[in-house]
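To keep things clear, I will list the structure first and then write my remarks on it.
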Amino acid sequence: MTPCKIKIIISSSVKNIPLVGAIVNKLCSFTPLSELESYKIELCVVEACNNSIEHAYKNQCNHEIEIEISLSIDQIKFQICDYGKPMNGQIKVTKFEFDPNDIKNLPEGGMGLYIMNCIMDEVRYQRGRGKNILTLVKKY
Amino acid sequence: MQFEKIKKGDYLIVKFLGNRLDANIAVEFKDALLEIIHNGYNRLILDISPVEFVDSSGLGAIVSCYKAMGDQGILILVGLRHTVRTLFQLTRMDRIFKTFDTWQEAFEATH
């Protein structure tokens, strides 16, 4: 495979996320990743974009999200960038625990980063010049 | 919001006809299901066989509806594709919901 880089820019509306997901999934089909792994990677990028919209931009849809995808011989890398509110510090290894018998307190959110950490080989956050950059790497 | 509904004994079978259950649709999906629950149905079989993709917002909407059904509520999920099932396994939400391949199997198992 010839290494290549693709950049997608969308406005910060959840209506645009299925398009990003479809592109990511299709690009994964050009790698050795299986259908299931491709689905999981689509899920991670969708979760990252959702986080940008919900947390960085507080659901305002007139901002930009950039998704830069780098395909190389041994990995696929995503950089999801926004110019919204920064995350609190570095990404910690998040836990997602709950008591399955305590129905009233079952979590309805807070799963995004946990999912990304479970699936990706690398999850890294940087903030610089007013820009949030979330890097996700999957090796194959 | 596209749903198909079939009343079968003491269960309502609700089939969601969309192919994505994500942040784009989660609120609308949840509101539609909550309306059904508030109309007195607390035994639901939710068929998501047409759904090709679920994100954590979609999963959160399902969990929210389950919580709204109260202690006596039963929410069974059917038709989960192996890709969709992954999200339930990763988040361990597969411990919460009974799942079957079809609503017929779910209905038979509960009777």
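Each chain in the structure tokens gets a letter, A, B and so on, in the order shown; residues start at 1 in every chain, and ligands are counted from 1 in the order they appear.
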Taking only C-alpha atoms into account, report as a PyMOL selection string which residues of chain A lie within 12 Å of chain B.
-> chain A and resi 12-19+21-22+25+34-51+53-54+59+94-119
Running DSSP on the backbone, which parts of chain A land in helix (DSSP H, G or I), as a PyMOL selection string?
-> chain A and resi 14-28+35-56+103-105+112-119
Store the residues of this selection in a file with N, CA and C atoms, as a compact mmCIF listing (two decimals), in the first residue's frame.
# COMPACT_ATOMS: atom_id res chain seq x y z
N VAL A 14 -23.93 16.72 14.39
CA VAL A 14 -23.99 15.25 14.41
C VAL A 14 -24.55 14.69 13.10
N LYS A 15 -25.22 15.53 12.32
CA LYS A 15 -25.75 15.08 11.03
C LYS A 15 -24.62 14.68 10.07
N ASN A 16 -23.43 15.26 10.29
CA ASN A 16 -22.30 14.98 9.40
C ASN A 16 -21.49 13.74 9.79
N ILE A 17 -21.76 13.22 10.96
CA ILE A 17 -20.92 12.13 11.47
C ILE A 17 -21.09 10.82 10.68
N PRO A 18 -22.30 10.46 10.24
CA PRO A 18 -22.41 9.22 9.45
C PRO A 18 -21.53 9.25 8.20
N LEU A 19 -21.38 10.42 7.60
CA LEU A 19 -20.53 10.55 6.41
C LEU A 19 -19.07 10.24 6.77
N VAL A 20 -18.62 10.79 7.89
CA VAL A 20 -17.25 10.52 8.34
C VAL A 20 -17.08 9.03 8.61
N GLY A 21 -18.08 8.46 9.29
CA GLY A 21 -18.03 7.03 9.61
C GLY A 21 -17.93 6.18 8.35
N ALA A 22 -18.71 6.53 7.34
CA ALA A 22 -18.71 5.75 6.09
C ALA A 22 -17.35 5.84 5.40
N ILE A 23 -16.76 7.02 5.40
CA ILE A 23 -15.44 7.20 4.77
C ILE A 23 -14.38 6.38 5.51
N VAL A 24 -14.41 6.47 6.83
CA VAL A 24 -13.43 5.73 7.65
C VAL A 24 -13.55 4.24 7.39
N ASN A 25 -14.77 3.75 7.42
CA ASN A 25 -14.99 2.32 7.22
C ASN A 25 -14.48 1.87 5.84
N LYS A 26 -14.77 2.68 4.83
CA LYS A 26 -14.34 2.33 3.47
C LYS A 26 -12.81 2.34 3.36
N LEU A 27 -12.19 3.35 3.98
CA LEU A 27 -10.72 3.42 3.94
C LEU A 27 -10.10 2.20 4.61
N CYS A 28 -10.73 1.74 5.69
CA CYS A 28 -10.20 0.58 6.40
C CYS A 28 -10.22 -0.67 5.52
N GLU A 35 -13.47 -6.89 8.71
CA GLU A 35 -14.73 -6.12 8.70
C GLU A 35 -15.08 -5.67 10.13
N LEU A 36 -14.88 -6.57 11.08
CA LEU A 36 -15.21 -6.24 12.47
C LEU A 36 -14.27 -5.16 13.02
N GLU A 37 -12.98 -5.29 12.72
CA GLU A 37 -12.02 -4.28 13.18
C GLU A 37 -12.31 -2.93 12.53
N SER A 38 -12.70 -2.96 11.26
CA SER A 38 -13.03 -1.71 10.56
C SER A 38 -14.22 -1.03 11.23
N TYR A 39 -15.19 -1.84 11.61
CA TYR A 39 -16.38 -1.31 12.30
C TYR A 39 -15.95 -0.65 13.61
N LYS A 40 -15.06 -1.31 14.34
CA LYS A 40 -14.65 -0.79 15.64
C LYS A 40 -13.86 0.52 15.48
N ILE A 41 -13.10 0.61 14.40
CA ILE A 41 -12.34 1.84 14.16
C ILE A 41 -13.30 2.97 13.75
N GLU A 42 -14.28 2.63 12.94
CA GLU A 42 -15.33 3.62 12.61
C GLU A 42 -15.96 4.13 13.90
N LEU A 43 -16.26 3.20 14.80
CA LEU A 43 -16.88 3.56 16.08
C LEU A 43 -16.00 4.56 16.85
N CYS A 44 -14.69 4.30 16.90
CA CYS A 44 -13.78 5.19 17.63
C CYS A 44 -13.78 6.60 17.05
N VAL A 45 -13.71 6.69 15.72
CA VAL A 45 -13.65 8.02 15.09
C VAL A 45 -14.99 8.75 15.30
N VAL A 46 -16.07 8.01 15.20
CA VAL A 46 -17.40 8.60 15.45
C VAL A 46 -17.47 9.12 16.89
N GLU A 47 -16.98 8.33 17.84
CA GLU A 47 -17.01 8.74 19.25
C GLU A 47 -16.16 10.01 19.45
N ALA A 48 -15.00 10.06 18.78
CA ALA A 48 -14.12 11.22 18.91
C ALA A 48 -14.81 12.48 18.35
N CYS A 49 -15.45 12.34 17.20
CA CYS A 49 -16.16 13.48 16.59
C CYS A 49 -17.34 13.90 17.48
N ASN A 50 -18.06 12.92 18.00
CA ASN A 50 -19.17 13.23 18.91
C ASN A 50 -18.68 14.02 20.12
N ASN A 51 -17.52 13.62 20.65
CA ASN A 51 -16.95 14.33 21.81
C ASN A 51 -16.60 15.77 21.46
N SER A 52 -16.03 15.97 20.26
CA SER A 52 -15.72 17.34 19.84
C SER A 52 -16.98 18.20 19.81
N ILE A 53 -18.04 17.63 19.25
CA ILE A 53 -19.29 18.39 19.13
C ILE A 53 -19.90 18.66 20.51
N GLU A 54 -19.96 17.61 21.30
CA GLU A 54 -20.66 17.73 22.59
C GLU A 54 -19.83 18.50 23.63
N HIS A 55 -18.57 18.15 23.75
CA HIS A 55 -17.78 18.72 24.84
C HIS A 55 -16.99 19.97 24.42
N ALA A 56 -16.34 19.92 23.26
CA ALA A 56 -15.52 21.07 22.86
C ALA A 56 -16.40 22.22 22.36
N ILE A 103 -30.07 -0.91 38.53
CA ILE A 103 -30.65 -0.41 37.27
C ILE A 103 -30.75 1.13 37.26
N LYS A 104 -31.17 1.69 38.40
CA LYS A 104 -31.39 3.15 38.45
C LYS A 104 -30.13 3.93 38.12
N ASN A 105 -28.97 3.36 38.42
CA ASN A 105 -27.72 4.09 38.23
C ASN A 105 -26.88 3.58 37.05
N GLY A 112 -17.22 7.04 25.59
CA GLY A 112 -16.44 7.30 24.38
C GLY A 112 -14.95 7.03 24.53
N LEU A 113 -14.33 7.67 25.51
CA LEU A 113 -12.88 7.50 25.68
C LEU A 113 -12.52 6.07 26.07
N TYR A 114 -13.38 5.49 26.87
CA TYR A 114 -13.16 4.09 27.28
C TYR A 114 -13.15 3.19 26.03
N ILE A 115 -14.12 3.40 25.15
CA ILE A 115 -14.20 2.60 23.92
C ILE A 115 -12.94 2.78 23.07
N MET A 116 -12.53 4.05 22.92
CA MET A 116 -11.33 4.32 22.11
C MET A 116 -10.10 3.64 22.71
N ASN A 117 -9.97 3.71 24.04
CA ASN A 117 -8.83 3.07 24.70
C ASN A 117 -8.84 1.56 24.55
N CYS A 118 -10.04 0.98 24.54
CA CYS A 118 -10.15 -0.48 24.37
C CYS A 118 -9.73 -0.93 22.97
N ILE A 119 -10.08 -0.14 21.98
CA ILE A 119 -9.93 -0.58 20.58
C ILE A 119 -8.59 -0.16 19.96
Near Ile133 in chain A, within 9 Å and counting only C-alpha atoms, which residues show up once chain neighbours fewer than 3 positions away are dropped, as a short mmCIF file (atom, residue, chain, number, x, y, z; two decimals) with all heavy atoms, in the first residue's frame?
data_model
loop_
_atom_site.label_atom_id
_atom_site.label_comp_id
_atom_site.auth_asym_id
_atom_site.auth_seq_id
_atom_site.Cartn_x
_atom_site.Cartn_y
_atom_site.Cartn_z
N GLN A 79 -6.26 11.92 13.14
CA GLN A 79 -6.14 13.08 14.03
C GLN A 79 -7.45 13.85 13.93
O GLN A 79 -7.81 14.36 12.86
CB GLN A 79 -4.94 13.94 13.64
CG GLN A 79 -3.64 13.23 14.00
CD GLN A 79 -2.46 14.15 14.08
OE1 GLN A 79 -2.13 14.81 13.10
NE2 GLN A 79 -1.80 14.18 15.23
N ILE A 80 -8.16 13.90 15.03
CA ILE A 80 -9.45 14.59 15.07
C ILE A 80 -9.20 15.92 15.78
O ILE A 80 -8.80 15.94 16.95
CB ILE A 80 -10.52 13.73 15.80
CG1 ILE A 80 -10.77 12.44 15.01
CG2 ILE A 80 -11.83 14.49 15.93
CD1 ILE A 80 -10.04 11.26 15.46
N CYS A 81 -9.41 17.00 15.05
CA CYS A 81 -9.02 18.32 15.57
C CYS A 81 -10.23 19.24 15.66
O CYS A 81 -11.07 19.27 14.76
CB CYS A 81 -8.00 18.97 14.64
SG CYS A 81 -6.59 17.93 14.27
N ASP A 82 -10.29 19.98 16.75
CA ASP A 82 -11.31 21.04 16.87
C ASP A 82 -10.68 22.24 17.55
O ASP A 82 -9.56 22.16 18.07
CB ASP A 82 -12.54 20.51 17.62
CG ASP A 82 -12.25 20.18 19.07
OD1 ASP A 82 -11.89 21.10 19.82
OD2 ASP A 82 -12.39 19.00 19.45
N TYR A 83 -11.41 23.34 17.55
CA TYR A 83 -10.90 24.59 18.13
C TYR A 83 -11.77 25.03 19.31
O TYR A 83 -11.89 26.20 19.60
CB TYR A 83 -10.85 25.68 17.04
CG TYR A 83 -9.92 25.31 15.92
CD1 TYR A 83 -10.38 24.54 14.83
CD2 TYR A 83 -8.58 25.68 15.94
CE1 TYR A 83 -9.52 24.17 13.80
CE2 TYR A 83 -7.72 25.32 14.92
CZ TYR A 83 -8.19 24.56 13.85
OH TYR A 83 -7.34 24.19 12.86
N ARG A 124 -4.04 9.63 22.06
CA ARG A 124 -3.20 10.71 22.60
C ARG A 124 -3.89 12.05 22.39
O ARG A 124 -4.47 12.30 21.32
CB ARG A 124 -1.86 10.69 21.86
CG ARG A 124 -0.77 11.48 22.52
CD ARG A 124 0.58 11.27 21.84
NE ARG A 124 0.61 11.78 20.47
CZ ARG A 124 0.83 11.03 19.39
NH1 ARG A 124 1.04 9.73 19.50
NH2 ARG A 124 0.85 11.57 18.20
N TYR A 125 -3.81 12.91 23.39
CA TYR A 125 -4.43 14.23 23.28
C TYR A 125 -3.38 15.31 23.40
O TYR A 125 -2.51 15.25 24.26
CB TYR A 125 -5.49 14.40 24.38
CG TYR A 125 -6.02 15.82 24.52
CD1 TYR A 125 -6.84 16.37 23.54
CD2 TYR A 125 -5.66 16.61 25.60
CE1 TYR A 125 -7.30 17.67 23.65
CE2 TYR A 125 -6.13 17.91 25.73
CZ TYR A 125 -6.95 18.44 24.74
OH TYR A 125 -7.40 19.73 24.86
N GLN A 126 -3.47 16.30 22.52
CA GLN A 126 -2.57 17.46 22.61
C GLN A 126 -3.41 18.72 22.44
O GLN A 126 -4.44 18.70 21.72
CB GLN A 126 -1.55 17.46 21.46
CG GLN A 126 -0.62 16.29 21.41
CD GLN A 126 -0.08 16.13 20.00
OE1 GLN A 126 -0.66 15.43 19.18
NE2 GLN A 126 1.04 16.78 19.72
N ARG A 127 -2.95 19.78 23.04
CA ARG A 127 -3.61 21.08 22.87
C ARG A 127 -2.54 22.07 22.49
O ARG A 127 -1.50 22.16 23.18
CB ARG A 127 -4.30 21.48 24.17
CG ARG A 127 -4.78 22.91 24.23
CD ARG A 127 -6.17 23.06 23.65
NE ARG A 127 -6.60 24.45 23.73
CZ ARG A 127 -7.76 24.89 23.26
NH1 ARG A 127 -8.62 24.05 22.69
NH2 ARG A 127 -8.10 26.14 23.35
N GLY A 128 -2.73 22.81 21.44
CA GLY A 128 -1.74 23.81 21.05
C GLY A 128 -2.35 24.82 20.11
O GLY A 128 -3.13 24.47 19.23
#
Taking the chain letters and numbering used in this document, name the residues of chain B that DSSP puts in strand (DSSP E), as a VMD selection string.
-> chain B and resid 3 to 8 11 to 16 20 to 21 43 to 47 53 to 54 74 to 78 98 to 100
Let me see the file: selected residues, N, CA and C atoms, as a CSV table (one decimal), in the first residue's frame.
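The resulting file, out-v2.csv, is shown below:
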chain,number,residue,atom,x,y,z
B,3,PHE,N,-40.7,3.2,13.1
B,3,PHE,CA,-40.8,2.0,13.9
B,3,PHE,C,-42.0,1.1,13.4
B,4,GLU,N,-41.8,-0.2,13.5
B,4,GLU,CA,-42.9,-1.1,13.3
B,4,GLU,C,-43.3,-1.6,14.6
B,5,LYS,N,-44.6,-1.7,14.9
B,5,LYS,CA,-45.0,-2.2,16.3
B,5,LYS,C,-46.0,-3.3,16.1
B,6,ILE,N,-45.8,-4.4,16.8
B,6,ILE,CA,-46.7,-5.5,16.8
B,6,ILE,C,-47.0,-5.9,18.3
B,7,LYS,N,-48.3,-5.9,18.6
B,7,LYS,CA,-48.7,-6.4,20.0
B,7,LYS,C,-48.8,-7.9,20.0
B,8,LYS,N,-48.1,-8.5,20.9
B,8,LYS,CA,-48.1,-10.0,20.9
B,8,LYS,C,-48.2,-10.4,22.4
B,11,TYR,N,-46.5,-8.6,25.4
B,11,TYR,CA,-45.3,-7.9,24.9
B,11,TYR,C,-45.7,-6.9,23.7
B,12,LEU,N,-44.9,-5.9,23.6
B,12,LEU,CA,-45.0,-5.1,22.4
B,12,LEU,C,-43.7,-5.2,21.7
B,13,ILE,N,-43.7,-5.7,20.5
B,13,ILE,CA,-42.5,-5.8,19.7
B,13,ILE,C,-42.3,-4.5,18.9
B,14,VAL,N,-41.2,-3.9,19.1
B,14,VAL,CA,-40.9,-2.6,18.4
B,14,VAL,C,-39.7,-2.8,17.5
B,15,LYS,N,-39.9,-2.7,16.2
B,15,LYS,CA,-38.8,-2.8,15.3
B,15,LYS,C,-38.3,-1.4,14.8
B,16,PHE,N,-37.1,-1.1,15.1
B,16,PHE,CA,-36.5,0.1,14.6
B,16,PHE,C,-36.0,0.0,13.2
B,20,ARG,N,-28.9,3.3,11.3
B,20,ARG,CA,-27.9,3.8,12.3
B,20,ARG,C,-28.6,4.2,13.5
B,21,LEU,N,-28.0,3.9,14.6
B,21,LEU,CA,-28.5,4.3,15.9
B,21,LEU,C,-27.4,5.1,16.6
B,43,ARG,N,-43.2,-4.1,28.9
B,43,ARG,CA,-42.5,-5.4,28.4
B,43,ARG,C,-42.3,-5.2,26.9
B,44,LEU,N,-41.1,-4.9,26.6
B,44,LEU,CA,-40.8,-4.6,25.2
B,44,LEU,C,-39.7,-5.5,24.6
B,45,ILE,N,-40.0,-5.9,23.3
B,45,ILE,CA,-38.9,-6.6,22.6
B,45,ILE,C,-38.5,-5.6,21.5
B,46,LEU,N,-37.3,-5.2,21.6
B,46,LEU,CA,-36.8,-4.2,20.7
B,46,LEU,C,-35.9,-4.9,19.6
B,47,ASP,N,-36.4,-4.8,18.4
B,47,ASP,CA,-35.8,-5.5,17.2
B,47,ASP,C,-34.9,-4.4,16.5
B,53,PHE,N,-25.1,0.1,12.6
B,53,PHE,CA,-24.1,0.9,13.4
B,53,PHE,C,-24.8,1.5,14.6
B,54,VAL,N,-24.2,1.2,15.8
B,54,VAL,CA,-24.6,1.8,17.0
B,54,VAL,C,-23.4,2.5,17.7
B,74,ILE,N,-39.3,-5.0,31.4
B,74,ILE,CA,-38.5,-6.0,30.7
B,74,ILE,C,-38.2,-5.4,29.3
B,75,LEU,N,-36.9,-5.4,29.0
B,75,LEU,CA,-36.5,-4.9,27.6
B,75,LEU,C,-35.6,-5.9,27.0
B,76,ILE,N,-36.1,-6.6,26.0
B,76,ILE,CA,-35.2,-7.7,25.3
B,76,ILE,C,-34.8,-7.1,24.0
B,77,LEU,N,-33.5,-7.3,23.7
B,77,LEU,CA,-33.0,-6.9,22.4
B,77,LEU,C,-32.9,-8.0,21.4
B,78,VAL,N,-33.3,-7.8,20.2
B,78,VAL,CA,-33.2,-8.9,19.2
B,78,VAL,C,-32.6,-8.4,17.9
B,98,LYS,N,-31.1,-9.2,27.9
B,98,LYS,CA,-31.2,-10.5,27.2
B,98,LYS,C,-31.3,-10.2,25.7
B,99,THR,N,-30.6,-11.1,25.0
B,99,THR,CA,-30.7,-10.9,23.5
B,99,THR,C,-31.0,-12.2,22.8
B,100,PHE,N,-31.7,-12.1,21.7
B,100,PHE,CA,-32.1,-13.2,20.9
B,100,PHE,C,-31.9,-12.8,19.4
Using only C-alpha atoms, the shortest atom-to-atom distance to Ile8 in chain A among A:Met120, A:Arg129, A:Glu68, A:Lys85 belongs to A:Glu68
For Met1 in chain B, list every protein, DNA or RNA residue within 8 Å, evaluated using only C-alpha atoms, and leave out those in the same chain fewer than 2 positions away; present the list as a PyMOL selection string.
-> chain B and resi 3+28-29+32
Give me, please, the distance in Å between CA of Ser11 in chain A and CA of Leu134 in chain A, quoted to one decimal.
->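 Straight-line distance from CA of Ser11 in chain A to CA of Leu134 in chain A works out to 17.0 Å.
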Which residue out of B:Thr110, B:Val51, B:Glu35, B:Gln104 has the minimum interatomic distance to Arg81 in chain B when only C-alpha atoms are used?
-> B:Val51
